[in-house]
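Structure, as structure tokens:
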Amino acid sequence: MTRIDPAVSATADLRRDLRRETAFFLSLSLPALVLVGLCAMLPILWILRQSFLTLRGTYTLSNWEKLLSSDLTWRAIWSTVELSAGTLVLCCILGLPLALALASAPQKLANRLLVLLMLPLWTSILVRTYGWLVLLRRDGLVNQGLQSIGLTDTPLALVYNFTGTLIGMVHFMLPLFVLPTYAALRDIDHNTIRASASMGASLPRTLVSVVLPLAAGGIRSGSMIVFIYTLGFFITPAILGGGQVNPIAIRIERTLSTFQNWGAASALGILLLLLVALAAALLVGVRHLLSRRGGHHA
Amino acid sequence: MTPLPITIETLRKTYGEFTALDDVSLRILPGEFLTLLGPSGSGKTTLLMALAGFTRPDSGRIVIGDRDVTRLAPNKRDIGIVFQNYALFPHMSVRENVEYPLKIRKVPRREARDRAMAALERVKLGAFADRDIAALSGGQRQRVALARAIVYEPRIMLMDEPLSALDKNLREHMQFEIRRLHDDLGITTVYVTHDQREALTMSDRIAVMSAGRIQQIDAPQEIYHRPRSAFVAGFMGEANILAATDCRALDGRPMQGPHRVMVRAENFHLDRSACGPEGLSLGGRIAAIAFRGENWLIHLALASGQEVMLSIPSRQSEGCESLKPGQDITAHADANHVHFLAEEAA
Amino acid sequence: MLESFDNRGFKIAMWIIAALILGFLILPTLIVVPLSFSGSDLLEFPPSTFSLRWYQSFFGSTSWMLALKTSLLLGALTALLAVPVSLAACIAMNRLGGIKSRVLYTYVLSPSVIPGILLAIGLFFVLAKLKLIGTLSGVLVGHVVLAIPVTTIVLFPAVSRFDWGQVDAARSLGAGWLRAITGILVPQLNFTLLTAALMAFLTSLDEAVVSIFVAAGDSATLPKLMFLSLRDQIDPTIAAISTLWTVLVVAVVLLVNARRAP
């Protein structure tokens, strides 16, 4: 047996071992860190830098000055917000009844219907956009239907404008809104609803004063997903907007393809990112405000 | 294979403010079955996990045989562990589970198979080798875990409350079986439990832990009859801790204060003649009395307000049948069963 | 959930609305199926004649076929890269725990909230500097970085739910970290890993914005070609592609659901 000297403490070595193990696990996340850093963080920083550069590569504020003083910019911001807000409102109007119906269905039926909800979620955005293009054309199925039941004499302009873009975006976002809302509704303790019924509250009353407040978390995360996602939408307005709808994402592409102006496009990009951050902060802020006011619920 | 001793020196582990191990030192003899006994949070599992290598101590060291393993990874320690929930691999069959450590040690296929089967035979599961883990009962899983831990002949065996998930009968049966396995293999074994009866049944020595320290380490009988502190006494079964001033000697003289004494419930007699010349007497009123099959249980309320538990074997009921709550009686204990507690361990 | 109430009118109305909305959701995907078999150049509905000419035009076109091949290859490579990368990250997050884990999680998920157009032009800058514009690897890294949040969301809960006592057991039995993870954790995550791989594949297959900006020539993907063709004119070939795509997605969704059910 080797002599054991109790006076020698291995504390420093033990600490080093612990750090080494931490480092090992950090190194497991290294590929993800590097990939996200190189392909997501670095590009954003590059855009940020580019927004302060002239075409010759010298630093300037002129990109931002021109951007913020241009009417087009403000119209693009307005158009972006209008689309996102419109999508969110429609998702709430359509999504809440659907989520409620799914949540009140027996689990087995609900699971089957959820597949119908997942289907468009998994289908290519281009396939779905194409479908809408076909449906909403002047001589498309929707106009045919409207004319045959006599709602309108002349075909309506349903596509290549704001309406068409909005329909496409609602269609894209609706499953993403319904899923968290549905999950929150499913999680509600049924006894609270029975209690409400036993106290004589009507169904609509129970929905407004018991069910919706209890599902608020899911509705909020659904709303967050919808709003933040739609701010940067490109494909849908590019195809269904037909040049009539010009949110920031479209302006960025046009600035690049038509004017080759990287500085201006970059500034627009940063503006879009700020808008997303602002929306996120706003929605998180609303949540804090609500949870503070209704703190006793939680 | 000669069993190895384990030496633990001033092992310390803290989690923030909480001290899980407070400079624990301990020598475990080669081939010994040592149980770490204590309530949850006493540090017994932390100590076991430090031995296994899953918990890194802040300071101190662990020596197995003549090898300092303090900084060694768990997979390099050559220790067999039976986990509380068994941690069997559900995607492998029973035999594959037992073969796993041999596969890692690059034992040839045929030999690994034979050794795995031998280990399974040893725990009486030879017929279950090709079953799925999911198809086994709790007791069978326990045996697979045992077979898996012994198949590669580790020099040390650690068990973390391995029987806690089993029902009472099976647990008592497995206690003897694990002990027999230990005697057959002669592996130095460290066993963690919070069940004092289990510890008494199985161990060569018991280390009673609380608050990250070893309160007492001794053979089961020693721990049971001569606990060194009120904590140990209380943790090892029904112990009455009495102030000496509440008691009288058997000859009626007052006892010398300020000691505190421990008398186990089953060591009281109602019949004075059952005791030798030396001992103590305790007067009080019966608060409750119940017949429990093998014994009578009496709650005796002392003048000081303290309640003392007496357990009188029904074989020598000493007139218990006629006792009623509210009656005044005197209980006696022989000096051999009166244990003086060290004062500092309050 | 609403069984305490016998307000039939309300419930009937709710189900009618729900059915209409579900119809709204699947209508655009269904409408393209009959169109793809139309014999006419016009997008008439219902089609007056039937043919397979749009499938022929798809499978017969070198540019469509090249794009298809590129997209399938990209999807497979994306799944192959994103799944192990995010599995390793999930294991790291699980083992590190605490604030380190939360910071890592947020960071890894961040590409999902960055607007695609921004990622696309930013990536264009970076790839231009590296002279990788128009190459397959350029598009690939973009797709992988978009797939990592998706695979992480699928894998992280599964890794957290896993009984890590088994990995400890494996280590006590002599296995090192790597061996314990690959031999014990990974085989038991098989279904989750498959789901994550499928989702990564579909993420890449469906990705259009990054492809539109950084892909070119041989690396042009199916969505890029579809986008360009939709912007210029409505070609019924797209209906054939869309039908094939829908069939693929239905198969995948049914597969995933069937595996999840038992």
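Each chain of the structure tokens is named A, B, ... in the order shown, its residues numbered from 1; ligands are numbered from 1 in display order.
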TODO: Could you give me, as number ranges by chain, the residues within 8 Å of stretch 164-169 of chain B, counting only C-alpha atoms and dropping anything in the same chain fewer than 4 positions from it?
DONE: B: 84-85, 138-139, 173
Mind writing the picked residues with all heavy atoms as a PDB file, in the first residue's frame?
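The resulting part-v8.pdb:
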ATOM      1  N   GLN B  84     -31.000   2.405  -7.177  1.00  0.00           N
ATOM      2  CA  GLN B  84     -32.294   2.379  -6.505  1.00  0.00           C
ATOM      3  C   GLN B  84     -33.410   1.911  -7.443  1.00  0.00           C
ATOM      4  O   GLN B  84     -34.225   1.094  -7.080  1.00  0.00           O
ATOM      5  CB  GLN B  84     -32.603   3.767  -5.972  1.00  0.00           C
ATOM      6  CG  GLN B  84     -33.779   3.787  -5.048  1.00  0.00           C
ATOM      7  CD  GLN B  84     -33.858   5.089  -4.291  1.00  0.00           C
ATOM      8  OE1 GLN B  84     -33.116   6.032  -4.544  1.00  0.00           O
ATOM      9  NE2 GLN B  84     -34.771   5.152  -3.347  1.00  0.00           N
ATOM     10  N   ASN B  85     -33.428   2.480  -8.691  1.00  0.00           N
ATOM     11  CA  ASN B  85     -34.481   2.061  -9.630  1.00  0.00           C
ATOM     12  C   ASN B  85     -33.935   1.037 -10.636  1.00  0.00           C
ATOM     13  O   ASN B  85     -34.497   0.875 -11.700  1.00  0.00           O
ATOM     14  CB  ASN B  85     -35.065   3.277 -10.342  1.00  0.00           C
ATOM     15  CG  ASN B  85     -34.054   3.956 -11.227  1.00  0.00           C
ATOM     16  OD1 ASN B  85     -32.873   3.597 -11.192  1.00  0.00           O
ATOM     17  ND2 ASN B  85     -34.481   4.905 -12.026  1.00  0.00           N
ATOM     18  N   GLY B 138     -40.797  -6.570 -10.360  1.00  0.00           N
ATOM     19  CA  GLY B 138     -39.832  -5.747  -9.629  1.00  0.00           C
ATOM     20  C   GLY B 138     -38.718  -6.570  -9.014  1.00  0.00           C
ATOM     21  O   GLY B 138     -37.540  -6.227  -9.117  1.00  0.00           O
ATOM     22  N   GLY B 139     -39.094  -7.691  -8.408  1.00  0.00           N
ATOM     23  CA  GLY B 139     -38.085  -8.529  -7.773  1.00  0.00           C
ATOM     24  C   GLY B 139     -37.115  -9.114  -8.788  1.00  0.00           C
ATOM     25  O   GLY B 139     -35.912  -9.206  -8.528  1.00  0.00           O
ATOM     26  N   HIS B 173     -37.033 -11.131   2.126  1.00  0.00           N
ATOM     27  CA  HIS B 173     -36.416 -12.285   1.494  1.00  0.00           C
ATOM     28  C   HIS B 173     -35.107 -11.887   0.800  1.00  0.00           C
ATOM     29  O   HIS B 173     -34.082 -12.559   0.934  1.00  0.00           O
ATOM     30  CB  HIS B 173     -37.396 -12.876   0.480  1.00  0.00           C
ATOM     31  CG  HIS B 173     -36.829 -14.008  -0.296  1.00  0.00           C
ATOM     32  ND1 HIS B 173     -36.644 -15.260   0.254  1.00  0.00           N
ATOM     33  CD2 HIS B 173     -36.373 -14.074  -1.562  1.00  0.00           C
ATOM     34  CE1 HIS B 173     -36.105 -16.035  -0.655  1.00  0.00           C
ATOM     35  NE2 HIS B 173     -35.942 -15.344  -1.752  1.00  0.00           N
TER      36      HIS B 173
END
- [ ] Fewer than 2 positions away in the same chain doesn't count, so skip those; otherwise give me all residues within 7 Å of stretch 100-102 of chain B, counting only C-alpha atoms, as a PyMOL selection string.
- [x] (chain B and resi 96-98+104-107+112+152) or (chain C and resi 173-174)
I need the chosen residues saved as a PDB file, in the first residue's frame, with all heavy atoms.
ATOM      1  N   GLU B  96     -28.549  -9.598 -22.481  1.00  0.00           N
ATOM      2  CA  GLU B  96     -27.754  -8.490 -23.046  1.00  0.00           C
ATOM      3  C   GLU B  96     -27.398  -7.462 -21.982  1.00  0.00           C
ATOM      4  O   GLU B  96     -26.301  -6.896 -21.986  1.00  0.00           O
ATOM      5  CB  GLU B  96     -28.523  -7.819 -24.191  1.00  0.00           C
ATOM      6  CG  GLU B  96     -28.547  -8.662 -25.452  1.00  0.00           C
ATOM      7  CD  GLU B  96     -29.538  -8.143 -26.481  1.00  0.00           C
ATOM      8  OE1 GLU B  96     -30.530  -7.476 -26.095  1.00  0.00           O
ATOM      9  OE2 GLU B  96     -29.335  -8.416 -27.658  1.00  0.00           O
ATOM     10  N   ASN B  97     -28.320  -7.239 -21.053  1.00  0.00           N
ATOM     11  CA  ASN B  97     -28.028  -6.341 -19.946  1.00  0.00           C
ATOM     12  C   ASN B  97     -26.827  -6.843 -19.158  1.00  0.00           C
ATOM     13  O   ASN B  97     -25.923  -6.082 -18.822  1.00  0.00           O
ATOM     14  CB  ASN B  97     -29.238  -6.243 -19.014  1.00  0.00           C
ATOM     15  CG  ASN B  97     -30.077  -5.011 -19.278  1.00  0.00           C
ATOM     16  OD1 ASN B  97     -29.754  -3.933 -18.797  1.00  0.00           O
ATOM     17  ND2 ASN B  97     -31.137  -5.172 -20.056  1.00  0.00           N
ATOM     18  N   VAL B  98     -26.837  -8.151 -18.868  1.00  0.00           N
ATOM     19  CA  VAL B  98     -25.777  -8.709 -18.028  1.00  0.00           C
ATOM     20  C   VAL B  98     -24.466  -8.804 -18.818  1.00  0.00           C
ATOM     21  O   VAL B  98     -23.372  -8.675 -18.271  1.00  0.00           O
ATOM     22  CB  VAL B  98     -26.213 -10.076 -17.468  1.00  0.00           C
ATOM     23  CG1 VAL B  98     -25.131 -10.666 -16.576  1.00  0.00           C
ATOM     24  CG2 VAL B  98     -27.508  -9.932 -16.681  1.00  0.00           C
ATOM     25  N   ILE B 104     -18.059  -4.378 -22.942  1.00  0.00           N
ATOM     26  CA  ILE B 104     -17.187  -3.204 -22.832  1.00  0.00           C
ATOM     27  C   ILE B 104     -15.768  -3.618 -22.494  1.00  0.00           C
ATOM     28  O   ILE B 104     -14.801  -3.022 -22.965  1.00  0.00           O
ATOM     29  CB  ILE B 104     -17.762  -2.244 -21.772  1.00  0.00           C
ATOM     30  CG1 ILE B 104     -18.963  -1.528 -22.370  1.00  0.00           C
ATOM     31  CG2 ILE B 104     -16.716  -1.252 -21.295  1.00  0.00           C
ATOM     32  CD1 ILE B 104     -19.789  -0.796 -21.398  1.00  0.00           C
ATOM     33  N   ARG B 105     -15.657  -4.696 -21.708  1.00  0.00           N
ATOM     34  CA  ARG B 105     -14.316  -5.161 -21.344  1.00  0.00           C
ATOM     35  C   ARG B 105     -13.737  -6.079 -22.412  1.00  0.00           C
ATOM     36  O   ARG B 105     -12.732  -6.741 -22.183  1.00  0.00           O
ATOM     37  CB  ARG B 105     -14.376  -5.879 -19.995  1.00  0.00           C
ATOM     38  CG  ARG B 105     -14.560  -4.902 -18.852  1.00  0.00           C
ATOM     39  CD  ARG B 105     -14.911  -5.583 -17.549  1.00  0.00           C
ATOM     40  NE  ARG B 105     -14.961  -4.613 -16.462  1.00  0.00           N
ATOM     41  CZ  ARG B 105     -15.948  -3.730 -16.305  1.00  0.00           C
ATOM     42  NH1 ARG B 105     -16.944  -3.697 -17.150  1.00  0.00           N
ATOM     43  NH2 ARG B 105     -15.928  -2.866 -15.310  1.00  0.00           N
ATOM     44  N   LYS B 106     -14.389  -6.142 -23.550  1.00  0.00           N
ATOM     45  CA  LYS B 106     -13.912  -6.909 -24.706  1.00  0.00           C
ATOM     46  C   LYS B 106     -13.706  -8.386 -24.385  1.00  0.00           C
ATOM     47  O   LYS B 106     -12.766  -9.027 -24.854  1.00  0.00           O
ATOM     48  CB  LYS B 106     -12.625  -6.312 -25.269  1.00  0.00           C
ATOM     49  CG  LYS B 106     -12.796  -4.864 -25.719  1.00  0.00           C
ATOM     50  CD  LYS B 106     -11.682  -4.444 -26.649  1.00  0.00           C
ATOM     51  CE  LYS B 106     -11.996  -3.166 -27.367  1.00  0.00           C
ATOM     52  NZ  LYS B 106     -12.196  -2.025 -26.462  1.00  0.00           N
ATOM     53  N   VAL B 107     -14.558  -8.926 -23.543  1.00  0.00           N
ATOM     54  CA  VAL B 107     -14.538 -10.364 -23.269  1.00  0.00           C
ATOM     55  C   VAL B 107     -15.079 -11.068 -24.522  1.00  0.00           C
ATOM     56  O   VAL B 107     -16.067 -10.615 -25.089  1.00  0.00           O
ATOM     57  CB  VAL B 107     -15.429 -10.682 -22.053  1.00  0.00           C
ATOM     58  CG1 VAL B 107     -15.529 -12.180 -21.832  1.00  0.00           C
ATOM     59  CG2 VAL B 107     -14.892  -9.981 -20.819  1.00  0.00           C
ATOM     60  N   ALA B 112     -18.376 -14.332 -22.703  1.00  0.00           N
ATOM     61  CA  ALA B 112     -19.287 -13.347 -22.122  1.00  0.00           C
ATOM     62  C   ALA B 112     -20.647 -13.988 -21.888  1.00  0.00           C
ATOM     63  O   ALA B 112     -21.265 -13.821 -20.824  1.00  0.00           O
ATOM     64  CB  ALA B 112     -19.426 -12.145 -23.048  1.00  0.00           C
ATOM     65  N   TYR B 152     -18.883  -8.942 -13.807  1.00  0.00           N
ATOM     66  CA  TYR B 152     -17.497  -8.634 -14.193  1.00  0.00           C
ATOM     67  C   TYR B 152     -16.565  -8.652 -12.984  1.00  0.00           C
ATOM     68  O   TYR B 152     -15.456  -8.118 -13.032  1.00  0.00           O
ATOM     69  CB  TYR B 152     -17.425  -7.301 -14.939  1.00  0.00           C
ATOM     70  CG  TYR B 152     -18.078  -6.129 -14.242  1.00  0.00           C
ATOM     71  CD1 TYR B 152     -17.326  -5.181 -13.560  1.00  0.00           C
ATOM     72  CD2 TYR B 152     -19.459  -5.968 -14.299  1.00  0.00           C
ATOM     73  CE1 TYR B 152     -17.932  -4.111 -12.934  1.00  0.00           C
ATOM     74  CE2 TYR B 152     -20.068  -4.895 -13.666  1.00  0.00           C
ATOM     75  CZ  TYR B 152     -19.305  -3.981 -12.986  1.00  0.00           C
ATOM     76  OH  TYR B 152     -19.916  -2.913 -12.372  1.00  0.00           O
TER      77      TYR B 152
ATOM     78  N   LEU C 173     -20.594   0.468 -15.219  1.00  0.00           N
ATOM     79  CA  LEU C 173     -20.267  -0.848 -15.772  1.00  0.00           C
ATOM     80  C   LEU C 173     -19.039  -0.798 -16.672  1.00  0.00           C
ATOM     81  O   LEU C 173     -18.660  -1.794 -17.263  1.00  0.00           O
ATOM     82  CB  LEU C 173     -21.461  -1.402 -16.546  1.00  0.00           C
ATOM     83  CG  LEU C 173     -22.713  -1.677 -15.705  1.00  0.00           C
ATOM     84  CD1 LEU C 173     -23.898  -1.987 -16.581  1.00  0.00           C
ATOM     85  CD2 LEU C 173     -22.461  -2.815 -14.732  1.00  0.00           C
ATOM     86  N   GLY C 174     -18.475   0.407 -16.805  1.00  0.00           N
ATOM     87  CA  GLY C 174     -17.212   0.509 -17.525  1.00  0.00           C
ATOM     88  C   GLY C 174     -17.247   1.319 -18.808  1.00  0.00           C
ATOM     89  O   GLY C 174     -16.217   1.509 -19.444  1.00  0.00           O
TER      90      GLY C 174
END
Open item on the list: Would you mind listing, as JSON, numbers by chain, all residues of chain B that have at least one atom within 9 Å of chain C, where only C-alpha atoms are what counts?
Closed with: {"B": [52, 53, 54, 73, 74, 75, 76, 77, 78, 79, 80, 81, 82, 83, 85, 86, 87, 88, 89, 90, 91, 100, 101, 102, 104, 105, 148, 149, 152]}
TODO: Identify every residue of chain B that has at least one atom within 7 Å of any atom of chain A, counting only C-alpha atoms, and report the result as a ChimeraX atom specification.
DONE: /B:9,58-60,66,71
Open item on the list: With only C-alpha atoms as the counted atoms, please give the residues lying no more than 12 Å from B:Asn295, apart from itself and same-chain residues fewer than 2 positions off, as a PyMOL selection string.
Closed with: chain B and resi 265-266+289-293+297-298+310-318+320-321
Where does DSSP see helix (DSSP H, G or I) in stretch 28-274 of chain A, if you list the residues as a compact mmCIF listing (two decimals) with C-alpha atoms, in the first residue's frame?
# COMPACT_ATOMS: atom_id res chain seq x y z
CA LEU A 28 -20.61 18.88 -27.22
CA LEU A 30 -19.77 23.48 -29.94
CA PRO A 31 -20.95 22.40 -33.42
CA ALA A 32 -24.34 23.99 -32.79
CA LEU A 33 -22.71 27.09 -31.31
CA VAL A 34 -20.38 27.50 -34.28
CA LEU A 35 -23.05 26.80 -36.91
CA VAL A 36 -25.58 29.20 -35.41
CA GLY A 37 -22.83 31.74 -34.83
CA LEU A 38 -21.40 31.52 -38.31
CA CYS A 39 -24.66 31.22 -40.23
CA ALA A 40 -27.06 33.29 -38.14
CA MET A 41 -25.21 35.65 -35.79
CA LEU A 42 -22.35 36.61 -38.08
CA PRO A 43 -24.67 37.43 -41.01
CA ILE A 44 -26.77 39.69 -38.79
CA LEU A 45 -23.66 41.52 -37.56
CA TRP A 46 -22.51 41.80 -41.16
CA ILE A 47 -25.82 43.36 -42.14
CA LEU A 48 -25.57 45.75 -39.21
CA ARG A 49 -22.10 46.83 -40.34
CA GLN A 50 -23.18 47.04 -43.96
CA SER A 62 -26.56 58.27 -45.03
CA ASN A 63 -28.25 54.86 -45.46
CA TRP A 64 -30.19 55.44 -42.28
CA GLU A 65 -30.89 59.11 -43.03
CA LYS A 66 -32.30 58.28 -46.45
CA LEU A 67 -34.22 55.34 -45.08
CA LEU A 68 -35.89 57.18 -42.24
CA SER A 69 -36.74 60.22 -44.31
CA ASP A 71 -42.07 57.89 -47.40
CA LEU A 72 -41.62 54.42 -48.86
CA THR A 73 -40.02 53.20 -45.63
CA TRP A 74 -42.90 54.36 -43.48
CA ARG A 75 -45.38 52.90 -45.90
CA ALA A 76 -43.48 49.59 -45.80
CA ILE A 77 -43.51 49.60 -42.00
CA TRP A 78 -47.23 50.36 -42.04
CA SER A 79 -47.87 47.63 -44.58
CA THR A 80 -45.86 45.12 -42.49
CA VAL A 81 -47.71 45.95 -39.29
CA GLU A 82 -51.05 45.98 -41.10
CA LEU A 83 -50.44 42.48 -42.47
CA SER A 84 -49.23 41.09 -39.16
CA ALA A 85 -52.01 42.66 -37.12
CA GLY A 86 -54.62 41.60 -39.68
CA THR A 87 -53.30 38.05 -39.66
CA LEU A 88 -53.31 37.97 -35.87
CA VAL A 89 -56.90 39.27 -35.62
CA LEU A 90 -58.15 36.76 -38.19
CA CYS A 91 -56.21 33.94 -36.54
CA CYS A 92 -57.94 34.77 -33.25
CA ILE A 93 -61.38 34.95 -34.85
CA LEU A 94 -60.95 31.69 -36.75
CA GLY A 95 -58.58 29.89 -34.42
CA LEU A 96 -60.44 30.22 -31.13
CA PRO A 97 -63.65 28.45 -32.24
CA LEU A 98 -61.60 25.75 -33.95
CA ALA A 99 -59.40 25.21 -30.90
CA LEU A 100 -62.46 25.17 -28.67
CA ALA A 101 -64.23 22.61 -30.86
CA LEU A 102 -61.10 20.42 -30.94
CA ALA A 103 -60.66 20.68 -27.18
CA SER A 104 -64.27 19.75 -26.50
CA GLN A 107 -59.52 12.78 -27.54
CA LYS A 108 -59.61 10.23 -30.35
CA LEU A 109 -61.60 12.43 -32.71
CA ALA A 110 -59.48 15.44 -31.74
CA ASN A 111 -56.31 13.55 -32.64
CA ARG A 112 -57.74 12.70 -36.09
CA LEU A 113 -58.76 16.30 -36.70
CA LEU A 114 -55.34 17.48 -35.55
CA VAL A 115 -53.85 15.53 -38.43
CA LEU A 116 -55.92 17.73 -40.76
CA LEU A 117 -54.38 20.69 -38.97
CA MET A 118 -50.85 19.33 -39.28
CA LEU A 119 -51.24 18.59 -42.95
CA PRO A 120 -51.09 22.19 -44.20
CA LEU A 121 -48.38 22.88 -41.64
CA TRP A 122 -46.20 20.32 -43.32
CA ILE A 125 -45.60 27.13 -48.45
CA LEU A 126 -45.24 27.27 -52.23
CA VAL A 127 -47.75 24.50 -52.73
CA ARG A 128 -50.21 26.28 -50.47
CA THR A 129 -49.61 29.64 -52.10
CA TYR A 130 -50.14 28.06 -55.48
CA GLY A 131 -53.40 26.55 -54.28
CA TRP A 132 -54.65 29.95 -53.20
CA LEU A 133 -53.56 31.48 -56.49
CA VAL A 134 -55.71 28.94 -58.31
CA LEU A 135 -58.65 29.40 -55.96
CA LEU A 136 -58.67 33.16 -55.81
CA LEU A 141 -63.23 28.47 -57.88
CA VAL A 142 -64.06 31.08 -55.22
CA ASN A 143 -65.24 33.67 -57.73
CA GLN A 144 -67.19 31.00 -59.63
CA GLY A 145 -68.89 30.02 -56.41
CA LEU A 146 -69.68 33.57 -55.39
CA GLN A 147 -71.17 34.32 -58.81
CA SER A 148 -73.21 31.14 -58.98
CA PHE A 162 -53.80 42.90 -49.81
CA THR A 163 -56.81 40.57 -49.50
CA GLY A 164 -55.05 37.69 -51.22
CA THR A 165 -51.87 38.19 -49.20
CA LEU A 166 -53.86 38.26 -45.97
CA ILE A 167 -55.73 35.06 -46.86
CA GLY A 168 -52.46 33.30 -47.66
CA MET A 169 -50.83 34.46 -44.44
CA VAL A 170 -53.80 33.52 -42.25
CA HIS A 171 -53.81 30.12 -43.89
CA PHE A 172 -50.12 29.70 -43.13
CA MET A 173 -50.29 30.87 -39.52
CA LEU A 174 -53.61 29.41 -38.39
CA PRO A 175 -52.29 25.92 -37.43
CA LEU A 176 -49.44 27.54 -35.52
CA PHE A 177 -51.97 29.62 -33.60
CA VAL A 178 -54.42 26.79 -32.97
CA LEU A 179 -51.87 24.25 -31.66
CA PRO A 180 -50.76 26.11 -28.49
CA THR A 181 -54.29 27.41 -27.91
CA TYR A 182 -55.70 23.91 -28.20
CA ALA A 183 -53.03 22.55 -25.83
CA ALA A 184 -53.89 25.22 -23.25
CA LEU A 185 -57.62 24.47 -23.54
CA ARG A 186 -56.96 20.76 -23.11
CA HIS A 190 -62.68 20.27 -16.17
CA ASN A 191 -63.86 20.70 -12.60
CA THR A 192 -63.52 24.48 -12.96
CA ILE A 193 -65.96 24.34 -15.87
CA ARG A 194 -68.31 22.02 -13.97
CA ALA A 195 -68.10 24.40 -11.03
CA SER A 196 -69.04 27.32 -13.26
CA ALA A 197 -71.97 25.36 -14.70
CA SER A 198 -73.13 24.29 -11.25
CA LEU A 203 -72.05 28.43 -21.66
CA PRO A 204 -71.04 31.73 -23.31
CA ARG A 205 -70.57 33.28 -19.88
CA THR A 206 -68.39 30.35 -18.77
CA LEU A 207 -66.32 30.64 -21.94
CA VAL A 208 -65.65 34.33 -21.41
CA SER A 209 -65.07 34.33 -17.67
CA VAL A 210 -63.52 30.90 -17.05
CA VAL A 211 -62.25 29.14 -20.18
CA LEU A 212 -60.60 32.01 -22.04
CA PRO A 213 -58.73 33.39 -19.01
CA LEU A 214 -57.45 29.90 -18.19
CA ALA A 216 -54.68 32.84 -21.94
CA GLY A 217 -51.16 31.41 -21.82
CA GLY A 218 -51.67 29.32 -24.96
CA ILE A 219 -53.45 32.13 -26.79
CA ARG A 220 -50.58 34.47 -25.93
CA SER A 221 -47.88 32.14 -27.19
CA GLY A 222 -49.94 31.51 -30.33
CA SER A 223 -50.28 35.25 -30.87
CA MET A 224 -46.59 35.75 -30.30
CA ILE A 225 -45.71 33.13 -32.90
CA VAL A 226 -48.16 34.62 -35.42
CA PHE A 227 -47.12 38.23 -34.98
CA ILE A 228 -43.37 37.72 -34.93
CA TYR A 229 -43.40 35.22 -37.77
CA THR A 230 -45.53 37.35 -40.09
CA LEU A 231 -43.39 40.48 -39.67
CA ILE A 235 -42.96 34.37 -50.03
CA THR A 236 -46.68 35.01 -49.56
CA PRO A 237 -46.67 38.78 -50.25
CA ALA A 238 -44.22 38.25 -53.11
CA ILE A 239 -46.60 35.89 -54.92
CA LEU A 240 -50.11 36.71 -53.70
CA ILE A 248 -40.35 45.52 -45.44
CA ALA A 249 -39.29 42.03 -46.54
CA ILE A 250 -40.42 42.78 -50.11
CA ARG A 251 -38.73 46.19 -50.05
CA ILE A 252 -35.46 44.57 -49.00
CA GLU A 253 -35.56 42.18 -51.93
CA ARG A 254 -36.50 44.95 -54.36
CA THR A 255 -33.78 47.27 -53.07
CA LEU A 256 -31.29 44.50 -53.69
CA SER A 257 -32.50 43.17 -57.02
CA THR A 258 -33.40 46.46 -58.66
CA PHE A 259 -30.96 48.90 -57.14
CA TRP A 262 -26.64 46.73 -50.12
CA GLY A 263 -26.39 49.60 -47.67
CA ALA A 264 -30.05 50.53 -47.96
CA ALA A 265 -31.18 46.89 -47.96
CA SER A 266 -29.11 46.25 -44.84
CA ALA A 267 -30.57 49.24 -43.04
CA LEU A 268 -34.05 47.98 -43.94
CA GLY A 269 -33.08 44.55 -42.63
CA ILE A 270 -31.95 45.96 -39.30
CA LEU A 271 -35.18 47.96 -39.18
CA LEU A 272 -37.12 44.73 -39.64
CA LEU A 273 -35.12 43.06 -36.87
CA LEU A 274 -35.82 46.00 -34.56
Task: Near-B:Pro254 list (9 Å; only C-alpha atoms; drop same-chain fewer than 6 positions) as a VMD selection string - done: chain B and resid 244 to 248
- [ ] Have a look at A:Val276, A:His288, A:Thr154, A:Val159 and name the one nearest to chain C; count only C-alpha atoms.
- [x]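 Smallest separation from chain C among the options: A:Val276.
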Open item on the list: Just checking: using only C-alpha atoms, which residue out of C:Ile133, C:Val249, C:Ala158, C:Ile181 ends up closest to chain A?
Closed with: C:Val249
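What separates atom CA of B:Leu37 from atom CA of B:Val192 is a distance of 6.1 Å.
For the pair atom CA of B:Val263 and atom CA of B:Leu242, the interatomic distance is 7.7 Å.
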TODO: Go ahead and compute the interatomic distance for atom CA of C:Thr221 and atom CA of C:Leu68, in Å to one decimal.
DONE: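 It comes out at 6.8 Å.
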TODO: Determine, counting only C-alpha atoms, which protein, DNA and RNA residues have an atom within 8 Å of an atom of B:Gly186; residues of the same chain fewer than 6 positions away are not included. Present the result as number ranges by chain.
DONE: B: 3, 31-32
TODO: Would you list the contacts of A:Leu26 as a PyMOL selection string, taking every protein, DNA or RNA residue within 12 Å and counting only C-alpha atoms, but skipping same-chain residues closer than 4 positions in sequence?
DONE: (chain A and resi 19-22+30-34) or (chain C and resi 88-97+100-101+103-104)
TODO: Find the residue from C:Ile114, C:Ala147, C:Leu178, C:Ala215 that sits nearest to chain A; use only C-alpha atoms when measuring.
DONE: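 Selected residue with least distance to chain A: C:Ile114.
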